[in-house]
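Peer 1: One structure is given below, represented as structure tokens, and several questions about it will come after.
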Amino acid sequence: MKPSDCKPLFAELAPEGCYVAIRVGFYAPEVEMNLFSAEWIDHYTRIGGALSDPLLHWARDNSGHAHWHEISVPGKTSILADYERFGLSHGCVVSIPGSDEVPKRSVGIFARHDRNFSASELSKLEQALKNLHEDGAKPLTGPQLEALKLYSEGYLYKQIAHTLDISQGAVKLRLKNGADRLKARSVREAAHIAASRGLL
């Protein structure tokens, strides 16, 4: 499942836009989707909004969901006023914590202009984000990681087979199964995904 699979649901429940970040790592998510207006994205980027956004701070420190108006804002920040100035009057933030298998957090910020989200809508958004967070997070086996690491270092199948003392067929199978677990279309994409998740 990709964030784009949830786009119709997000667009229906959050007609003013949303930002979804799946499995946020050191400085960036593995996958993200931004349905906010170009004007808001430009403004938010220009002012460095993410650095002082209380919604993101809440998501970092909490799990579950909260309406924007429920989040206390320590110190001085105009970000929430900026949200409202751009027509984003009501919203919620959803945060899915990491686990041993998936140690990265996923976050969603959702906006409406007309009213707060209902309990049912909050539940649907949280479940959708949880599904995105957990999907594609199936851990690789030790042998799959071993073969993928060598592949990412530029080893040819023949060299991987020699290094691991297995057949080339076994190498191909490990790499193919690893790519399948990562929902990658190719071994090269699997190596990129594994590297971005800090697995290699």
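Residue numbers start at 1 in each chain; chains themselves are named A, B, ... in the order of the structure tokens; ligands are numbered from 1 in the order shown.
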Within 8 Å of region 162-179 of chain A, counting only C-alpha atoms, which residues qualify if same-chain residues fewer than 4 places away don't, as a VMD selection string?

Peer 2: chain A and resid 140 to 141 143 to 145 147 to 148 157 to 158 183 to 187 189 to 190

Peer 1: Mind dumping the selected residues with C-alpha atoms as an mmCIF file, in the first residue's frame?

Peer 2:
```cif
data_model
loop_
_atom_site.group_PDB
_atom_site.id
_atom_site.type_symbol
_atom_site.label_atom_id
_atom_site.label_comp_id
_atom_site.auth_asym_id
_atom_site.auth_seq_id
_atom_site.Cartn_x
_atom_site.Cartn_y
_atom_site.Cartn_z
ATOM 1 C CA LEU A 140 14.169 -9.011 5.779
ATOM 2 C CA THR A 141 15.774 -12.274 6.852
ATOM 3 C CA PRO A 143 20.426 -14.153 4.525
ATOM 4 C CA GLN A 144 18.393 -11.679 2.430
ATOM 5 C CA LEU A 145 20.075 -8.725 4.135
ATOM 6 C CA ALA A 147 22.960 -10.780 -0.082
ATOM 7 C CA LEU A 148 21.382 -7.330 -0.519
ATOM 8 C CA TYR A 157 25.779 -12.361 -8.462
ATOM 9 C CA LYS A 158 28.755 -14.645 -9.063
ATOM 10 C CA LYS A 183 7.612 -4.325 -2.323
ATOM 11 C CA ALA A 184 10.343 -3.261 -4.736
ATOM 12 C CA ARG A 185 10.073 -3.704 -8.496
ATOM 13 C CA SER A 186 13.745 -4.628 -8.839
ATOM 14 C CA VAL A 187 16.751 -5.666 -6.774
ATOM 15 C CA GLU A 189 15.136 -0.567 -5.934
ATOM 16 C CA ALA A 190 15.209 -3.015 -3.013
#
```

Peer 1: Which one is closest to Asp5 (chain A): A:Tyr19, A:Leu132, A:Ala66, A:Glu121? Count only C-alpha atoms.

Peer 2: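 Ranked by minimum distance to Asp5 (chain A), first place goes to A:Leu132.
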
Peer 1: Rounded to one decimal, what separation in Å do you get between CA of Gly64 (chain A) and CA of Ser95 (chain A)?

Peer 2: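 Going from CA of Gly64 (chain A) over to CA of Ser95 (chain A), I get 5.3 Å.
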
Peer 1: What lies within 7 Å of Lys104 (chain A) using only C-alpha atoms, ignoring chain neighbours under 4 positions off, as number ranges by chain?

Peer 2: A: 23-25, 98

Peer 1: For the residues in the current selection, export N, CA and C atoms as a short mmCIF file (atom, residue, chain, number, x, y, z; two decimals), in the first residue's frame.

Peer 2:
```cif
data_model
loop_
_atom_site.label_atom_id
_atom_site.label_comp_id
_atom_site.auth_asym_id
_atom_site.auth_seq_id
_atom_site.Cartn_x
_atom_site.Cartn_y
_atom_site.Cartn_z
N ARG A 23 7.19 6.45 8.06
CA ARG A 23 8.45 5.97 8.63
C ARG A 23 9.55 7.03 8.50
N VAL A 24 9.42 8.06 9.34
CA VAL A 24 10.38 9.17 9.32
C VAL A 24 11.69 8.70 9.92
N GLY A 25 12.77 8.88 9.17
CA GLY A 25 14.10 8.50 9.61
C GLY A 25 14.87 9.67 10.18
N GLY A 98 6.95 4.01 16.38
CA GLY A 98 7.77 2.94 15.85
C GLY A 98 7.69 1.71 16.74
#
```

Peer 1: Which residues of region 68-171 of chain A sit at most 8 Å from region 45-54 of chain A, using only C-alpha atoms? Give each one's shortest atom pair and distance in Å (one decimal place), in chain and ascending residue order, as JSON lines.

Peer 2:
```
{"residue": "A:Ile71", "atom": "CA", "partner": "A:Pro54", "partner_atom": "CA", "distance": 7.5}
{"residue": "A:Ser72", "atom": "CA", "partner": "A:Pro54", "partner_atom": "CA", "distance": 7.9}
{"residue": "A:Val73", "atom": "CA", "partner": "A:Pro54", "partner_atom": "CA", "distance": 6.2}
{"residue": "A:Thr77", "atom": "CA", "partner": "A:Ser52", "partner_atom": "CA", "distance": 6.9}
{"residue": "A:Ile79", "atom": "CA", "partner": "A:Asp53", "partner_atom": "CA", "distance": 6.1}
{"residue": "A:Leu80", "atom": "CA", "partner": "A:Asp53", "partner_atom": "CA", "distance": 7.8}
```

Peer 1: Would you put the residues from that selection into a file with N, CA and C atoms, as a PDB file, in the first residue's frame?

Peer 2:
```pdb
ATOM      1  N   ILE A  71      -3.827  20.955  21.264  1.00  0.00           N
ATOM      2  CA  ILE A  71      -2.373  20.925  21.432  1.00  0.00           C
ATOM      3  C   ILE A  71      -1.902  22.230  22.057  1.00  0.00           C
ATOM      4  N   SER A  72      -1.212  22.109  23.201  1.00  0.00           N
ATOM      5  CA  SER A  72      -0.687  23.315  23.846  1.00  0.00           C
ATOM      6  C   SER A  72       0.549  23.779  23.083  1.00  0.00           C
ATOM      7  N   VAL A  73       0.691  25.082  23.008  1.00  0.00           N
ATOM      8  CA  VAL A  73       1.790  25.672  22.240  1.00  0.00           C
ATOM      9  C   VAL A  73       2.700  26.431  23.197  1.00  0.00           C
ATOM     10  N   THR A  77       4.959  31.011  18.834  1.00  0.00           N
ATOM     11  CA  THR A  77       5.007  30.525  17.455  1.00  0.00           C
ATOM     12  C   THR A  77       3.757  31.016  16.744  1.00  0.00           C
ATOM     13  N   ILE A  79       2.861  29.682  13.792  1.00  0.00           N
ATOM     14  CA  ILE A  79       2.528  28.674  12.785  1.00  0.00           C
ATOM     15  C   ILE A  79       1.035  28.358  12.772  1.00  0.00           C
ATOM     16  N   LEU A  80       0.433  28.147  13.943  1.00  0.00           N
ATOM     17  CA  LEU A  80      -0.992  27.815  13.960  1.00  0.00           C
ATOM     18  C   LEU A  80      -1.835  28.974  13.429  1.00  0.00           C
TER      19      LEU A  80
END
```

Peer 1: Write out as a PyMOL selection string all residues of region 30-140 of chain A that backbone DSSP assigns to helix (DSSP H, G or I).

Peer 2: chain A and resi 38-46+49-52+54-61+68-70+79-85+119-134

Peer 1: CA of Asn34 (chain A) and CA of Lys2 (chain A) are how many Å apart?

Peer 2: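 Interatomic distance here is 13.1 Å.
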
Peer 1: List as a PyMOL selection string the protein and nucleic acid residues near Ser4 (chain A), meaning an atom at most 10 Å away when only C-alpha atoms are counted, but skip any in the same chain fewer than 5 places from it.

Peer 2: chain A and resi 9-10+32-33

Peer 1: Write the residues of the preceding selection, restricted to C-alpha atoms, as a PDB file, in the first residue's frame.

Peer 2:
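Saved to again37.pdb:
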```
ATOM      1  CA  LEU A   9      -9.947   8.944   1.664  1.00  0.00           C
ATOM      2  CA  PHE A  10      -7.598  11.741   2.712  1.00  0.00           C
ATOM      3  CA  GLU A  32       5.586  11.261   1.824  1.00  0.00           C
ATOM      4  CA  MET A  33       2.515  12.841   0.286  1.00  0.00           C
TER       5      MET A  33
END
```

Peer 1: Please provide as a PyMOL selection string all residues within 10 Å of Ile109 (chain A), with the sequence filter that same-chain residues fewer than 6 positions apart are discarded (counting only C-alpha atoms).

Peer 2: chain A and resi 14+17-21+34+36+55-56+59+65-68+91-95+125

Peer 1: With N, CA and C atoms retained, write the just-selected residues as a PDB file, in the first residue's frame.

Peer 2:
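For reference, again.pdb as written:
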```pdb
ATOM      1  N   ALA A  14     -10.187  15.315   4.576  1.00  0.00           N
ATOM      2  CA  ALA A  14      -9.396  16.534   4.806  1.00  0.00           C
ATOM      3  C   ALA A  14      -9.387  17.369   3.528  1.00  0.00           C
ATOM      4  N   GLY A  17      -6.534  19.721   2.654  1.00  0.00           N
ATOM      5  CA  GLY A  17      -5.199  19.183   2.425  1.00  0.00           C
ATOM      6  C   GLY A  17      -4.668  18.363   3.578  1.00  0.00           C
ATOM      7  N   CYS A  18      -3.546  17.730   3.312  1.00  0.00           N
ATOM      8  CA  CYS A  18      -2.882  16.942   4.342  1.00  0.00           C
ATOM      9  C   CYS A  18      -1.424  16.747   3.971  1.00  0.00           C
ATOM     10  N   TYR A  19      -0.658  16.386   4.985  1.00  0.00           N
ATOM     11  CA  TYR A  19       0.730  15.983   4.779  1.00  0.00           C
ATOM     12  C   TYR A  19       0.899  14.663   5.510  1.00  0.00           C
ATOM     13  N   VAL A  20       1.406  13.656   4.810  1.00  0.00           N
ATOM     14  CA  VAL A  20       1.610  12.331   5.385  1.00  0.00           C
ATOM     15  C   VAL A  20       3.070  11.945   5.189  1.00  0.00           C
ATOM     16  N   ALA A  21       3.726  11.570   6.276  1.00  0.00           N
ATOM     17  CA  ALA A  21       5.127  11.146   6.244  1.00  0.00           C
ATOM     18  C   ALA A  21       5.205   9.747   6.843  1.00  0.00           C
ATOM     19  N   ASN A  34       1.972  15.181   0.010  1.00  0.00           N
ATOM     20  CA  ASN A  34       1.536  16.498   0.450  1.00  0.00           C
ATOM     21  C   ASN A  34       0.390  16.960  -0.435  1.00  0.00           C
ATOM     22  N   PHE A  36      -1.535  19.681   0.475  1.00  0.00           N
ATOM     23  CA  PHE A  36      -1.844  21.072   0.783  1.00  0.00           C
ATOM     24  C   PHE A  36      -1.685  21.922  -0.472  1.00  0.00           C
ATOM     25  N   LEU A  55       2.493  21.059  15.805  1.00  0.00           N
ATOM     26  CA  LEU A  55       1.835  19.813  15.397  1.00  0.00           C
ATOM     27  C   LEU A  55       2.870  18.707  15.219  1.00  0.00           C
ATOM     28  N   LEU A  56       3.993  19.041  14.597  1.00  0.00           N
ATOM     29  CA  LEU A  56       5.062  18.050  14.425  1.00  0.00           C
ATOM     30  C   LEU A  56       5.723  17.721  15.756  1.00  0.00           C
ATOM     31  N   ALA A  59       3.497  15.297  17.425  1.00  0.00           N
ATOM     32  CA  ALA A  59       3.603  13.982  16.779  1.00  0.00           C
ATOM     33  C   ALA A  59       4.874  13.256  17.195  1.00  0.00           C
ATOM     34  N   HIS A  65      -3.986  10.447  18.127  1.00  0.00           N
ATOM     35  CA  HIS A  65      -4.436  11.604  17.355  1.00  0.00           C
ATOM     36  C   HIS A  65      -4.898  12.719  18.288  1.00  0.00           C
ATOM     37  N   ALA A  66      -4.892  13.940  17.767  1.00  0.00           N
ATOM     38  CA  ALA A  66      -5.370  15.100  18.526  1.00  0.00           C
ATOM     39  C   ALA A  66      -5.857  16.161  17.553  1.00  0.00           C
ATOM     40  N   HIS A  67      -6.912  16.873  17.963  1.00  0.00           N
ATOM     41  CA  HIS A  67      -7.328  18.050  17.205  1.00  0.00           C
ATOM     42  C   HIS A  67      -6.280  19.145  17.424  1.00  0.00           C
ATOM     43  N   TRP A  68      -6.128  20.005  16.462  1.00  0.00           N
ATOM     44  CA  TRP A  68      -5.157  21.087  16.595  1.00  0.00           C
ATOM     45  C   TRP A  68      -5.415  21.927  17.839  1.00  0.00           C
ATOM     46  N   GLY A  91      -8.238  21.073  12.198  1.00  0.00           N
ATOM     47  CA  GLY A  91      -7.423  19.958  11.747  1.00  0.00           C
ATOM     48  C   GLY A  91      -7.086  18.999  12.858  1.00  0.00           C
ATOM     49  N   CYS A  92      -6.358  17.980  12.473  1.00  0.00           N
ATOM     50  CA  CYS A  92      -5.886  16.997  13.442  1.00  0.00           C
ATOM     51  C   CYS A  92      -4.501  16.536  13.028  1.00  0.00           C
ATOM     52  N   VAL A  93      -3.815  15.985  13.989  1.00  0.00           N
ATOM     53  CA  VAL A  93      -2.516  15.374  13.740  1.00  0.00           C
ATOM     54  C   VAL A  93      -2.607  13.938  14.234  1.00  0.00           C
ATOM     55  N   VAL A  94      -1.991  13.029  13.477  1.00  0.00           N
ATOM     56  CA  VAL A  94      -1.990  11.606  13.818  1.00  0.00           C
ATOM     57  C   VAL A  94      -0.541  11.150  13.875  1.00  0.00           C
ATOM     58  N   SER A  95      -0.205  10.384  14.895  1.00  0.00           N
ATOM     59  CA  SER A  95       1.160   9.895  15.048  1.00  0.00           C
ATOM     60  C   SER A  95       1.145   8.405  15.366  1.00  0.00           C
ATOM     61  N   LEU A 125      -8.706   8.024   9.834  1.00  0.00           N
ATOM     62  CA  LEU A 125      -7.401   8.582   9.466  1.00  0.00           C
ATOM     63  C   LEU A 125      -6.275   7.848  10.185  1.00  0.00           C
TER      64      LEU A 125
END
```

Peer 1: I need the residues of region 4-167 of chain A that end up classed as strand (DSSP E) by DSSP on the backbone, written out as JSON, numbers by chain.

Peer 2: {"A": [17, 18, 19, 20, 21, 22, 23, 24, 29, 30, 31, 32, 33, 34, 64, 65, 66, 67, 90, 91, 92, 93, 94, 95, 96, 105, 106, 107, 108, 109, 110, 111, 112]}

Peer 1: Give me a file of those residues, with C-alpha atoms, as a PDB file, in the first residue's frame.

Peer 2:
```pdb
ATOM      1  CA  GLY A  17      -5.199  19.183   2.425  1.00  0.00           C
ATOM      2  CA  CYS A  18      -2.882  16.942   4.342  1.00  0.00           C
ATOM      3  CA  TYR A  19       0.730  15.983   4.779  1.00  0.00           C
ATOM      4  CA  VAL A  20       1.610  12.331   5.385  1.00  0.00           C
ATOM      5  CA  ALA A  21       5.127  11.146   6.244  1.00  0.00           C
ATOM      6  CA  ILE A  22       5.659   7.390   6.460  1.00  0.00           C
ATOM      7  CA  ARG A  23       8.448   5.967   8.626  1.00  0.00           C
ATOM      8  CA  VAL A  24      10.375   9.165   9.316  1.00  0.00           C
ATOM      9  CA  PRO A  29      10.459  10.010   5.641  1.00  0.00           C
ATOM     10  CA  GLU A  30      10.743   6.939   3.442  1.00  0.00           C
ATOM     11  CA  VAL A  31       7.605   8.072   1.614  1.00  0.00           C
ATOM     12  CA  GLU A  32       5.586  11.261   1.824  1.00  0.00           C
ATOM     13  CA  MET A  33       2.515  12.841   0.286  1.00  0.00           C
ATOM     14  CA  ASN A  34       1.536  16.498   0.450  1.00  0.00           C
ATOM     15  CA  GLY A  64      -2.580   8.516  18.530  1.00  0.00           C
ATOM     16  CA  HIS A  65      -4.436  11.604  17.355  1.00  0.00           C
ATOM     17  CA  ALA A  66      -5.370  15.100  18.526  1.00  0.00           C
ATOM     18  CA  HIS A  67      -7.328  18.050  17.205  1.00  0.00           C
ATOM     19  CA  HIS A  90      -9.613  22.990  11.771  1.00  0.00           C
ATOM     20  CA  GLY A  91      -7.423  19.958  11.747  1.00  0.00           C
ATOM     21  CA  CYS A  92      -5.886  16.997  13.442  1.00  0.00           C
ATOM     22  CA  VAL A  93      -2.516  15.374  13.740  1.00  0.00           C
ATOM     23  CA  VAL A  94      -1.990  11.606  13.818  1.00  0.00           C
ATOM     24  CA  SER A  95       1.160   9.895  15.048  1.00  0.00           C
ATOM     25  CA  ILE A  96       1.986   6.195  14.751  1.00  0.00           C
ATOM     26  CA  ARG A 105       7.452   7.002  13.417  1.00  0.00           C
ATOM     27  CA  SER A 106       4.775   7.947  10.854  1.00  0.00           C
ATOM     28  CA  VAL A 107       2.916  11.266  10.965  1.00  0.00           C
ATOM     29  CA  GLY A 108      -0.133  12.820   9.328  1.00  0.00           C
ATOM     30  CA  ILE A 109      -1.425  16.404   9.474  1.00  0.00           C
ATOM     31  CA  PHE A 110      -4.969  16.829   8.135  1.00  0.00           C
ATOM     32  CA  ALA A 111      -6.983  20.033   7.589  1.00  0.00           C
ATOM     33  CA  ARG A 112     -10.544  21.247   7.083  1.00  0.00           C
TER      34      ARG A 112
END
```

Peer 1: May I ask for the distance between CA of Pro3 (chain A) and CA of Ser78 (chain A), given in Å to one decimal place?

Peer 2: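 One can read the CA of Pro3 (chain A) to CA of Ser78 (chain A) distance as 29.0 Å.
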
Peer 1: Could you tell me which of A:Leu35, A:Ala28, A:Cys6, A:Leu182 comes closest to Lys124 (chain A) if we count only C-alpha atoms?

Peer 2: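 Closest to Lys124 (chain A) of all the choices is A:Cys6.
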
Peer 1: Kindly indicate which residue among A:Gly87, A:Gly154, A:Pro15, A:Pro8 lies nearest to Ala128 (chain A), using only C-alpha atoms for the distances.

Peer 2: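 Of A:Gly87, A:Gly154, A:Pro15, A:Pro8, the one nearest Ala128 (chain A) is A:Pro8, counting only C-alpha atoms.
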